[in-house]
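Peer 1: Enclosed is the structure file coords15.txt (compact mmCIF, C-alpha atoms).
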```
# COMPACT_ATOMS: atom_id res chain seq x y z
CA MET A 1 0.00 0.00 0.00
CA ILE A 2 1.30 3.45 -0.91
CA HIS A 3 1.97 5.78 1.98
CA GLN A 4 -1.08 7.93 2.73
CA HIS A 5 0.99 11.12 2.86
CA LEU A 6 2.03 10.91 -0.80
CA SER A 7 0.55 13.85 -2.69
CA PRO A 8 -1.29 13.27 -5.98
CA ASN A 9 1.56 15.05 -7.74
CA LEU A 10 4.13 12.62 -6.31
CA ILE A 11 1.93 9.66 -7.22
CA LEU A 12 1.67 10.96 -10.79
CA VAL A 13 5.47 11.27 -11.02
CA LEU A 14 5.82 7.75 -9.63
CA ALA A 15 3.34 6.38 -12.20
CA TYR A 16 5.31 7.90 -15.08
CA LEU A 17 8.69 6.85 -13.65
CA LEU A 18 7.57 3.24 -13.29
CA LYS A 19 6.02 3.23 -16.75
CA THR A 20 8.95 4.85 -18.59
CA LYS A 21 11.79 3.68 -16.33
CA SER A 22 13.45 6.97 -17.21
CA VAL A 23 13.93 10.23 -15.32
CA GLY A 24 14.49 12.12 -18.58
CA THR A 25 11.40 10.77 -20.35
CA THR A 26 9.24 11.39 -17.28
CA ALA A 27 10.51 14.97 -17.07
CA MET A 28 9.68 15.55 -20.73
CA MET A 29 6.19 14.01 -20.52
CA LEU A 30 5.26 15.97 -17.39
CA GLY A 31 6.91 19.24 -18.40
CA MET A 32 9.33 19.15 -15.48
CA SER A 33 13.09 19.51 -15.18
CA GLN A 34 15.20 16.38 -14.73
CA PRO A 35 16.62 17.57 -11.38
CA SER A 36 13.07 18.08 -10.13
CA VAL A 37 12.05 14.55 -11.16
CA SER A 38 15.18 13.20 -9.49
CA ARG A 39 14.25 14.96 -6.25
CA HIS A 40 10.76 13.51 -6.49
CA LEU A 41 12.21 10.03 -6.98
CA ALA A 42 14.38 10.44 -3.91
CA ARG A 43 11.34 11.48 -1.88
CA LEU A 44 9.33 8.52 -3.23
CA ARG A 45 12.08 6.07 -2.29
CA GLU A 46 12.12 7.49 1.20
CA VAL A 47 8.36 7.32 1.71
CA VAL A 48 7.80 3.92 0.06
CA GLN A 49 11.01 2.56 1.60
CA ASP A 50 12.03 0.89 -1.63
CA PRO A 51 14.42 1.93 -4.46
CA LEU A 52 11.55 1.43 -6.98
CA LEU A 53 14.01 1.83 -9.89
CA VAL A 54 17.60 0.57 -9.96
CA ARG A 55 20.25 1.04 -12.58
CA THR A 56 21.32 -2.01 -14.62
CA GLY A 57 24.00 -0.98 -17.10
CA ASN A 58 22.70 1.98 -19.12
CA ARG A 59 19.06 1.41 -18.16
CA MET A 60 16.81 1.56 -15.15
CA ALA A 61 14.85 -1.49 -14.04
CA ARG A 62 11.87 -1.75 -11.74
CA THR A 63 12.32 -3.43 -8.40
CA GLY A 64 9.87 -6.05 -7.24
CA ARG A 65 7.89 -3.35 -5.43
CA GLY A 66 7.92 -1.24 -8.58
CA GLU A 67 6.55 -4.16 -10.60
CA GLU A 68 3.72 -4.52 -8.10
CA LEU A 69 2.76 -0.87 -8.45
CA VAL A 70 3.21 -0.14 -12.17
CA ASP A 71 -0.14 -1.51 -13.42
CA ARG A 72 -2.14 -0.21 -10.46
CA LEU A 73 -0.72 3.29 -10.88
CA SER A 74 -1.33 3.20 -14.62
CA ASP A 75 -5.00 2.42 -13.91
CA TRP A 76 -5.10 5.26 -11.37
CA VAL A 77 -3.77 7.76 -13.92
CA THR A 78 -6.34 6.62 -16.50
CA ALA A 79 -9.23 6.82 -14.03
CA THR A 80 -8.16 10.20 -12.71
CA ALA A 81 -7.78 11.68 -16.18
CA SER A 82 -11.24 10.44 -17.16
CA LEU A 83 -12.79 12.51 -14.38
CA LEU A 84 -11.81 15.65 -16.31
CA ASP A 85 -12.51 14.28 -19.77
CA ALA A 86 -15.82 15.59 -21.13
CA SER A 87 -15.86 12.81 -23.73
CA THR A 88 -16.55 10.30 -20.94
CA PHE A 89 -19.84 12.00 -20.01
CA ASP A 90 -22.66 9.46 -19.87
CA PRO A 91 -26.21 10.88 -19.50
CA THR A 92 -27.50 7.56 -18.14
CA HIS A 93 -25.54 8.35 -14.96
CA LEU A 94 -26.74 11.96 -14.77
CA HIS A 95 -28.35 12.85 -11.43
CA ARG A 96 -28.94 16.58 -11.72
CA ARG A 97 -31.72 19.15 -11.96
CA PHE A 98 -31.43 21.78 -14.67
CA ARG A 99 -33.09 25.20 -14.63
CA ILE A 100 -34.33 26.72 -17.87
CA ALA A 101 -35.87 30.20 -18.03
CA THR A 102 -38.44 30.66 -20.78
CA THR A 103 -42.08 31.43 -21.58
CA ASP A 104 -44.78 28.80 -21.90
CA PHE A 105 -44.16 28.93 -25.67
CA GLY A 106 -40.50 28.04 -25.19
CA ALA A 107 -41.33 25.21 -22.79
CA TRP A 108 -43.88 23.84 -25.20
CA ALA A 109 -42.12 24.46 -28.54
CA VAL A 110 -38.58 23.52 -27.43
CA CYS A 111 -38.56 21.55 -24.17
CA GLN A 112 -41.62 19.38 -24.68
CA PRO A 113 -40.52 17.86 -28.03
CA ALA A 114 -37.10 17.05 -26.58
CA LEU A 115 -38.42 15.58 -23.33
CA PRO A 116 -39.08 11.96 -24.46
CA ALA A 117 -35.51 11.48 -25.75
CA MET A 118 -34.01 13.23 -22.74
CA ARG A 119 -35.99 11.04 -20.35
CA GLN A 120 -34.93 7.95 -22.28
CA HIS A 121 -31.22 8.76 -22.22
CA ALA A 122 -31.09 10.47 -18.80
CA PRO A 123 -33.89 8.96 -16.68
CA SER A 124 -32.56 10.47 -13.43
CA MET A 125 -32.34 14.01 -14.81
CA GLY A 126 -34.68 16.71 -13.50
CA LEU A 127 -35.87 19.84 -15.30
CA ASP A 128 -37.29 23.02 -13.77
CA ILE A 129 -38.92 25.58 -16.07
CA LEU A 130 -38.68 29.08 -14.60
CA PRO A 131 -40.24 32.38 -15.74
CA LEU A 132 -38.23 34.34 -18.29
CA GLY A 133 -37.15 37.57 -16.64
CA HIS A 134 -36.16 40.74 -18.49
CA ALA A 135 -32.44 40.11 -17.84
CA PRO A 136 -31.74 36.36 -18.23
CA HIS A 137 -28.05 37.12 -18.84
CA ARG A 138 -27.71 38.18 -15.21
CA LYS A 139 -29.27 34.97 -13.91
CA LEU A 140 -27.07 32.94 -16.26
CA ALA A 141 -23.98 34.73 -14.98
CA ALA A 142 -25.04 34.19 -11.36
CA GLY A 143 -25.69 30.50 -11.92
CA GLU A 144 -29.36 30.87 -11.02
CA ILE A 145 -30.35 29.25 -14.33
CA ASP A 146 -28.49 26.94 -16.72
CA LEU A 147 -30.12 28.00 -20.00
CA ALA A 148 -32.58 30.57 -21.31
CA LEU A 149 -34.91 30.30 -24.30
CA THR A 150 -36.07 33.59 -25.81
CA GLY A 151 -37.37 35.27 -28.93
CA PHE A 152 -35.43 38.46 -28.28
CA ASP A 153 -32.01 38.84 -29.88
CA PRO A 154 -29.09 38.16 -27.51
CA SER A 155 -26.61 40.97 -27.05
CA PRO A 156 -24.88 41.04 -23.64
CA GLU A 157 -21.24 40.08 -23.51
CA GLN A 158 -20.26 36.65 -22.19
CA ILE A 159 -23.59 35.20 -23.31
CA HIS A 160 -23.24 32.39 -25.81
CA HIS A 161 -26.19 31.68 -28.07
CA ASP A 162 -27.44 29.47 -30.86
CA LEU A 163 -30.45 29.84 -33.14
CA LEU A 164 -33.09 27.21 -32.43
CA PHE A 165 -35.43 28.10 -35.28
CA GLU A 166 -36.89 30.99 -37.26
CA ASP A 167 -40.66 31.25 -37.52
CA SER A 168 -43.24 33.41 -39.25
CA PHE A 169 -46.08 35.22 -37.46
CA ILE A 170 -49.77 34.38 -37.81
CA CYS A 171 -52.90 36.33 -36.90
CA VAL A 172 -55.38 34.21 -34.98
CA THR A 173 -59.05 35.14 -34.45
CA ARG A 174 -62.37 33.48 -33.84
CA LYS A 175 -63.94 31.70 -36.79
CA GLY A 176 -65.93 34.17 -38.90
CA HIS A 177 -63.90 37.22 -37.86
CA PRO A 178 -63.95 39.84 -40.66
CA LEU A 179 -60.15 39.96 -40.75
CA THR A 180 -59.79 36.29 -41.67
CA GLU A 181 -62.84 36.17 -43.91
CA ALA A 182 -61.37 38.76 -46.30
CA ASP A 183 -58.74 36.63 -48.11
CA ASP A 184 -55.84 34.29 -47.43
CA GLY A 185 -52.99 36.76 -48.00
CA ALA A 186 -51.03 38.65 -45.38
CA VAL A 187 -53.06 41.18 -43.42
CA ASP A 188 -52.19 44.79 -44.27
CA VAL A 189 -51.30 47.11 -41.41
CA ASP A 190 -54.41 49.34 -41.66
CA ALA A 191 -56.74 46.35 -41.40
CA PHE A 192 -54.58 44.88 -38.67
CA VAL A 193 -54.88 47.88 -36.36
CA ALA A 194 -58.59 48.36 -37.07
CA TYR A 195 -59.60 45.61 -34.65
CA PRO A 196 -58.96 45.22 -30.91
CA HIS A 197 -56.00 43.04 -30.05
CA LEU A 198 -55.15 40.41 -27.52
CA GLY A 199 -51.59 41.32 -26.58
CA LEU A 200 -48.81 39.14 -25.26
CA SER A 201 -46.36 40.42 -22.68
CA VAL A 202 -43.04 38.59 -22.58
CA SER A 203 -41.10 38.48 -19.28
CA ASP A 204 -41.49 40.82 -16.32
CA ALA A 205 -40.44 43.73 -18.55
CA GLU A 206 -43.85 43.40 -20.28
CA LEU A 207 -42.25 43.71 -23.70
CA ASP A 208 -44.71 43.68 -26.59
CA ARG A 209 -42.99 42.59 -29.81
CA VAL A 210 -45.92 43.63 -32.02
CA ALA A 211 -45.83 47.21 -30.74
CA MET A 212 -42.06 47.30 -31.15
CA GLU A 213 -42.22 46.17 -34.78
CA LEU A 214 -45.22 48.30 -35.82
CA GLY A 215 -43.36 51.53 -35.15
CA ALA A 216 -45.51 54.62 -35.76
CA ALA A 217 -48.55 52.49 -36.62
CA ALA A 218 -48.57 51.16 -33.06
CA ARG A 219 -50.33 54.30 -31.85
CA HIS A 220 -53.46 53.22 -33.75
CA ARG A 221 -53.44 49.77 -32.20
CA LYS A 222 -56.04 49.06 -29.53
CA VAL A 223 -55.04 46.38 -27.04
CA ALA A 224 -58.14 45.15 -25.26
CA MET A 225 -56.27 42.68 -23.06
CA THR A 226 -52.70 41.59 -22.39
CA ILE A 227 -51.80 38.11 -21.23
CA PRO A 228 -48.44 36.50 -20.37
CA TYR A 229 -49.26 33.02 -21.71
CA PHE A 230 -49.81 31.73 -25.24
CA THR A 231 -51.87 28.86 -23.94
CA LEU A 232 -54.60 31.20 -22.65
CA ALA A 233 -55.15 32.70 -26.09
CA PRO A 234 -57.66 30.30 -27.70
CA GLN A 235 -60.34 30.86 -25.07
CA MET A 236 -59.73 34.60 -24.89
CA LEU A 237 -60.05 35.01 -28.66
CA LEU A 238 -63.57 33.62 -28.56
CA ALA A 239 -64.71 36.58 -26.43
CA GLY A 240 -65.30 38.87 -29.43
CA ASP A 241 -63.40 40.32 -32.36
CA LEU A 242 -59.97 40.14 -30.77
CA VAL A 243 -56.89 39.52 -32.94
CA MET A 244 -53.67 37.98 -31.66
CA VAL A 245 -50.29 37.54 -33.30
CA VAL A 246 -48.50 34.29 -32.51
CA PRO A 247 -45.64 32.30 -34.04
CA SER A 248 -46.86 29.85 -36.65
CA ARG A 249 -45.69 26.97 -34.45
CA ALA A 250 -48.19 28.07 -31.84
CA ALA A 251 -50.97 28.63 -34.38
CA ARG A 252 -50.29 25.21 -35.92
CA SER A 253 -51.21 23.52 -32.68
CA TRP A 254 -54.60 25.22 -32.77
CA CYS A 255 -55.33 24.49 -36.44
CA ASP A 256 -57.64 21.60 -35.63
CA ARG A 257 -59.96 23.84 -33.61
CA PRO A 258 -63.12 24.58 -35.60
CA ASP A 259 -63.76 27.79 -33.68
CA LEU A 260 -60.49 29.57 -34.63
CA ALA A 261 -59.16 30.96 -37.90
CA THR A 262 -55.71 32.13 -39.02
CA ARG A 263 -54.16 34.46 -41.57
CA PRO A 264 -50.52 35.55 -42.19
CA ALA A 265 -49.57 38.59 -40.11
CA PRO A 266 -48.45 41.90 -41.68
CA ALA A 267 -45.01 41.59 -43.27
CA VAL A 268 -43.74 44.52 -41.18
CA LEU A 269 -43.74 42.24 -38.13
CA GLY A 270 -40.89 40.25 -39.66
CA THR A 271 -40.04 36.81 -38.33
CA LEU A 272 -39.35 35.30 -34.93
CA LYS A 273 -35.82 34.09 -34.28
CA TYR A 274 -35.84 31.87 -31.25
CA TRP A 275 -32.58 31.53 -29.32
CA ILE A 276 -31.00 29.37 -26.66
CA LEU A 277 -28.63 31.25 -24.34
CA TRP A 278 -25.92 30.11 -21.95
CA HIS A 279 -23.07 31.71 -20.05
CA GLU A 280 -19.32 31.28 -20.29
CA ARG A 281 -19.37 29.70 -16.83
CA SER A 282 -21.17 26.62 -18.20
CA ARG A 283 -19.66 26.51 -21.68
CA HIS A 284 -17.43 23.56 -20.78
CA ASP A 285 -19.92 21.81 -18.51
CA PRO A 286 -20.55 18.46 -20.27
CA ALA A 287 -24.00 18.02 -18.71
CA VAL A 288 -25.21 21.46 -19.82
CA THR A 289 -23.65 20.90 -23.23
CA TRP A 290 -25.53 17.62 -23.55
CA LEU A 291 -28.82 19.24 -22.52
CA ARG A 292 -28.27 22.12 -24.92
CA THR A 293 -27.56 19.70 -27.77
CA GLN A 294 -30.78 17.80 -27.09
CA LEU A 295 -32.84 20.99 -27.20
CA ILE A 296 -31.15 22.31 -30.35
CA ARG A 297 -31.55 19.00 -32.17
CA SER A 298 -35.23 18.72 -31.30
CA ALA A 299 -36.09 22.36 -32.05
CA SER A 300 -34.38 22.28 -35.44
CA ALA A 301 -36.47 19.33 -36.61
CA PRO A 302 -39.41 20.41 -38.85
CA PRO A 303 -42.63 20.34 -36.79
CA GLY A 304 -45.34 18.06 -38.01
CA PRO A 305 -48.90 19.22 -38.85
CA GLY A 306 -50.91 20.00 -35.77
CA SER A 307 -47.97 19.63 -33.45
CA GLY A 308 -46.72 22.13 -30.93
CA GLU A 309 -43.16 21.51 -31.96
```
Can the structure from this file be put into structure tokens for me?
Peer 2:
Amino acid sequence: MIHQHLSPNLILVLAYLLKTKSVGTTAMMLGMSQPSVSRHLARLREVVQDPLLVRTGNRMARTGRGEELVDRLSDWVTATASLLDASTFDPTHLHRRFRIATTDFGAWAVCQPALPAMRQHAPSMGLDILPLGHAPHRKLAAGEIDLALTGFDPSPEQIHHDLLFEDSFICVTRKGHPLTEADDGAVDVDAFVAYPHLGLSVSDAELDRVAMELGAAARHRKVAMTIPYFTLAPQMLLAGDLVMVVPSRAARSWCDRPDLATRPAPAVLGTLKYWILWHERSRHDPAVTWLRTQLIRSASAPPGPGSGE
């Protein structure tokens, strides 16, 4: 048994010395000077109370004690190195809860489609969906969340990002609404602002993307009600002539409802780019990298008809 007071550094030097049987080669492989390795060998001989390596002609040979230790120490080096090797990450052994900040749309359009595969490959993983605040970069930096999913363009420094998907916008109304009975083309801005709207506020900053994109025309827009959740929209839209703008992925999940109708939104609203954000502090975390990869892969797959993906 190796002396309990041997430091990991000394054990590493011993492993390389016994493997190479050379002070010079060990020094080169570990980036040390030969005198330093020689001092380490002297210390090892003292602690282990065995020469470990003895000179025979122009070479060094392992002693009996050295032969006993060489394979065990080689296994120790391999096992220790694997602890820091991200390529050894195995999700089946993952026991961890992740925190993702997003809206109900993000949870439903990104997390939900990925959940079956994630549960299959990492059955002991946990996932907490948290509200998307107005400054997710701060929570990412503080370690309060692992990832954020958002439709607003990332800009803060030290925030890494990847595009999950790009989506068009759709106007949704009750069946028989004058706006969707007109034709199947994109709604023009004048017609769009002529009817009361059901607005959507994103995060605690109550940001309204439609108002931001309409510019000067936004002053003619009448917002009868604002809600924070996409999933409330279908029932609210049946309360009159309200119009709501949603991503086509959201509208697609409602397309089988006989009481709702859709029409392409005004072109001025542009498209929705949906992002996944993470911080530099977790960039090399293999578990977060694995989770991020699962979400990106699932979100980039074309959604099927009627699905919320």
Peer 1: With 12 Å as the cut-off and only C-alpha atoms counted, what is the closest atom pair between each nearby residue of stretch 67-167 of chain A and stretch 273-277 of chain A? Distances in Å to one decimal, ordered by chain and number, as a tab-separated table.
Peer 2:
```
residue	atom	partner	partner_atom	distance
A:Ile100	CA	A:Leu277	CA	9.7
A:Ala101	CA	A:Leu277	CA	9.7
A:Thr102	CA	A:Ile276	CA	9.6
A:Thr103	CA	A:Tyr274	CA	11.5
A:Phe105	CA	A:Tyr274	CA	10.4
A:Gly106	CA	A:Tyr274	CA	8.6
A:Ala107	CA	A:Ile276	CA	11.8
A:Ala109	CA	A:Tyr274	CA	10.1
A:Val110	CA	A:Tyr274	CA	9.6
A:Cys111	CA	A:Ile276	CA	11.2
A:Leu132	CA	A:Leu277	CA	11.8
A:Ala135	CA	A:Leu277	CA	11.6
A:Pro136	CA	A:Leu277	CA	8.6
A:His137	CA	A:Leu277	CA	8.1
A:Arg138	CA	A:Leu277	CA	11.5
A:Lys139	CA	A:Leu277	CA	11.1
A:Leu140	CA	A:Leu277	CA	8.4
A:Ala141	CA	A:Leu277	CA	11.0
A:Ile145	CA	A:Leu277	CA	10.4
A:Asp146	CA	A:Leu277	CA	8.8
A:Leu147	CA	A:Leu277	CA	5.6
A:Ala148	CA	A:Leu277	CA	5.0
A:Leu149	CA	A:Ile276	CA	4.7
A:Thr150	CA	A:Trp275	CA	5.4
A:Gly151	CA	A:Tyr274	CA	4.4
A:Phe152	CA	A:Tyr274	CA	7.2
A:Asp153	CA	A:Trp275	CA	7.4
A:Pro154	CA	A:Leu277	CA	7.6
A:Ser155	CA	A:Leu277	CA	10.3
A:Pro156	CA	A:Leu277	CA	10.5
A:Glu157	CA	A:Leu277	CA	11.5
A:Gln158	CA	A:Leu277	CA	10.2
A:Ile159	CA	A:Leu277	CA	6.5
A:His160	CA	A:Leu277	CA	5.7
A:His161	CA	A:Leu277	CA	4.5
A:Asp162	CA	A:Ile276	CA	5.5
A:Leu163	CA	A:Trp275	CA	4.7
A:Leu164	CA	A:Trp275	CA	5.3
A:Phe165	CA	A:Tyr274	CA	5.5
A:Glu166	CA	A:Lys273	CA	4.4
A:Asp167	CA	A:Lys273	CA	6.5
```
Peer 1: May I have the residues from that selection written out with C-alpha atoms, as a short mmCIF file (atom, residue, chain, number, x, y, z; two decimals), in the frame of the given file?
Peer 2:
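result-v2.cif written:
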```cif
data_model
loop_
_atom_site.label_atom_id
_atom_site.label_comp_id
_atom_site.auth_asym_id
_atom_site.auth_seq_id
_atom_site.Cartn_x
_atom_site.Cartn_y
_atom_site.Cartn_z
CA ILE A 100 -34.33 26.72 -17.87
CA ALA A 101 -35.87 30.20 -18.03
CA THR A 102 -38.44 30.66 -20.78
CA THR A 103 -42.08 31.43 -21.58
CA PHE A 105 -44.16 28.93 -25.67
CA GLY A 106 -40.50 28.04 -25.19
CA ALA A 107 -41.33 25.21 -22.79
CA ALA A 109 -42.12 24.46 -28.54
CA VAL A 110 -38.58 23.52 -27.43
CA CYS A 111 -38.56 21.55 -24.17
CA LEU A 132 -38.23 34.34 -18.29
CA ALA A 135 -32.44 40.11 -17.84
CA PRO A 136 -31.74 36.36 -18.23
CA HIS A 137 -28.05 37.12 -18.84
CA ARG A 138 -27.71 38.18 -15.21
CA LYS A 139 -29.27 34.97 -13.91
CA LEU A 140 -27.07 32.94 -16.26
CA ALA A 141 -23.98 34.73 -14.98
CA ILE A 145 -30.35 29.25 -14.33
CA ASP A 146 -28.49 26.94 -16.72
CA LEU A 147 -30.12 28.00 -20.00
CA ALA A 148 -32.58 30.57 -21.31
CA LEU A 149 -34.91 30.30 -24.30
CA THR A 150 -36.07 33.59 -25.81
CA GLY A 151 -37.37 35.27 -28.93
CA PHE A 152 -35.43 38.46 -28.28
CA ASP A 153 -32.01 38.84 -29.88
CA PRO A 154 -29.09 38.16 -27.51
CA SER A 155 -26.61 40.97 -27.05
CA PRO A 156 -24.88 41.04 -23.64
CA GLU A 157 -21.24 40.08 -23.51
CA GLN A 158 -20.26 36.65 -22.19
CA ILE A 159 -23.59 35.20 -23.31
CA HIS A 160 -23.24 32.39 -25.81
CA HIS A 161 -26.19 31.68 -28.07
CA ASP A 162 -27.44 29.47 -30.86
CA LEU A 163 -30.45 29.84 -33.14
CA LEU A 164 -33.09 27.21 -32.43
CA PHE A 165 -35.43 28.10 -35.28
CA GLU A 166 -36.89 30.99 -37.26
CA ASP A 167 -40.66 31.25 -37.52
#
```
Peer 1: Which value, in Å to one decimal, gives the distance between atom CA of A:Pro123 and atom CA of A:His93?
Peer 2: 8.5 Å
Peer 1: Expressed in Å to a single decimal, how great is the separation between atom CA of A:Tyr16 and atom CA of A:Met29?
Peer 2: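 Computed distance, atom CA of A:Tyr16 to atom CA of A:Met29, equals 8.2 Å.
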Peer 1: Please list as a ChimeraX atom specification every residue within 6 Å of stretch 62-73 of chain A, counting only C-alpha atoms and excluding residues in the same chain fewer than 2 positions away.
Peer 2: /A:15,18,52-53,75-76
Peer 1: Pick from A:His40, A:Arg55, A:His95, A:His279: nearest to A:His121, with all atoms listed in the file counted?
Peer 2: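 Using all atoms listed in the file, the shortest distance to A:His121 belongs to A:His95.
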Peer 1: Neighbours of A:Asp190 within 12 Å (all atoms listed in the file; same-chain residues fewer than 2 positions away dropped), as a PyMOL selection string?
Peer 2: chain A and resi 179+186-188+192-195+214+216-221+265-266+268
Peer 1: Could you check which residues have any atom within 9 Å of (-35.1, 19.5, -30.1), counting all atoms listed in the file with coordinates taken straight from the file, and then list them as JSON, numbers by chain?
Peer 2: {"A": [109, 110, 111, 112, 113, 114, 115, 164, 292, 293, 294, 295, 296, 297, 298, 299, 300, 301, 309]}
Peer 1: Would you list the residues near (-23.6, 19.5, -22.2), meaning any protein, DNA or RNA residue with an atom at most 12 Å from that point in file coordinates, counting all atoms listed in the file, as an NGL selection string?
Peer 2: :A and (86-91 or 94 or 98 or 146-147 or 278 or 282-296)
Peer 1: For A:Thr231, which of A:Ala191, A:Thr180, A:Glu280, A:Ala251 is the closest residue, counting only C-alpha atoms?
Peer 2: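 Closest to A:Thr231, using only C-alpha atoms: A:Ala251.
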Peer 1: Take stretch 50-67 of chain A, bring it up to N, CA and C atoms, and give me the output as a compact mmCIF listing (two decimals), in the coordinates of the input.
Peer 2:
```txt
# COMPACT_ATOMS: atom_id res chain seq x y z
N ASP A 50 11.60 1.84 -0.62
CA ASP A 50 12.03 0.89 -1.63
C ASP A 50 12.70 1.70 -2.75
N PRO A 51 13.76 1.18 -3.38
CA PRO A 51 14.42 1.93 -4.46
C PRO A 51 13.52 2.18 -5.66
N LEU A 52 12.51 1.30 -5.88
CA LEU A 52 11.55 1.43 -6.98
C LEU A 52 12.20 1.24 -8.35
N LEU A 53 13.25 1.98 -8.65
CA LEU A 53 14.01 1.83 -9.89
C LEU A 53 15.49 1.70 -9.54
N VAL A 54 16.16 0.75 -10.18
CA VAL A 54 17.60 0.57 -9.96
C VAL A 54 18.29 0.54 -11.31
N ARG A 55 19.51 0.99 -11.33
CA ARG A 55 20.25 1.04 -12.58
C ARG A 55 20.86 -0.32 -12.87
N THR A 56 20.68 -0.78 -14.12
CA THR A 56 21.32 -2.01 -14.62
C THR A 56 21.98 -1.65 -15.94
N GLY A 57 23.28 -1.43 -15.91
CA GLY A 57 24.00 -0.98 -17.10
C GLY A 57 23.60 0.45 -17.44
N ASN A 58 23.14 0.65 -18.69
CA ASN A 58 22.70 1.98 -19.12
C ASN A 58 21.21 2.22 -18.92
N ARG A 59 20.51 1.31 -18.30
CA ARG A 59 19.06 1.41 -18.16
C ARG A 59 18.65 1.34 -16.69
N MET A 60 17.41 1.70 -16.48
CA MET A 60 16.81 1.56 -15.15
C MET A 60 15.84 0.39 -15.20
N ALA A 61 15.78 -0.36 -14.13
CA ALA A 61 14.85 -1.49 -14.04
C ALA A 61 14.00 -1.33 -12.80
N ARG A 62 12.77 -1.81 -12.89
CA ARG A 62 11.87 -1.75 -11.74
C ARG A 62 12.25 -2.81 -10.72
N THR A 63 12.15 -2.45 -9.47
CA THR A 63 12.32 -3.43 -8.40
C THR A 63 11.05 -4.26 -8.30
N GLY A 64 11.08 -5.25 -7.44
CA GLY A 64 9.87 -6.05 -7.24
C GLY A 64 8.69 -5.20 -6.80
N ARG A 65 8.97 -4.25 -5.89
CA ARG A 65 7.89 -3.35 -5.43
C ARG A 65 7.40 -2.48 -6.58
N GLY A 66 8.31 -2.02 -7.42
CA GLY A 66 7.92 -1.24 -8.58
C GLY A 66 7.04 -2.03 -9.53
N GLU A 67 7.37 -3.32 -9.73
CA GLU A 67 6.55 -4.16 -10.60
C GLU A 67 5.14 -4.33 -10.04
```
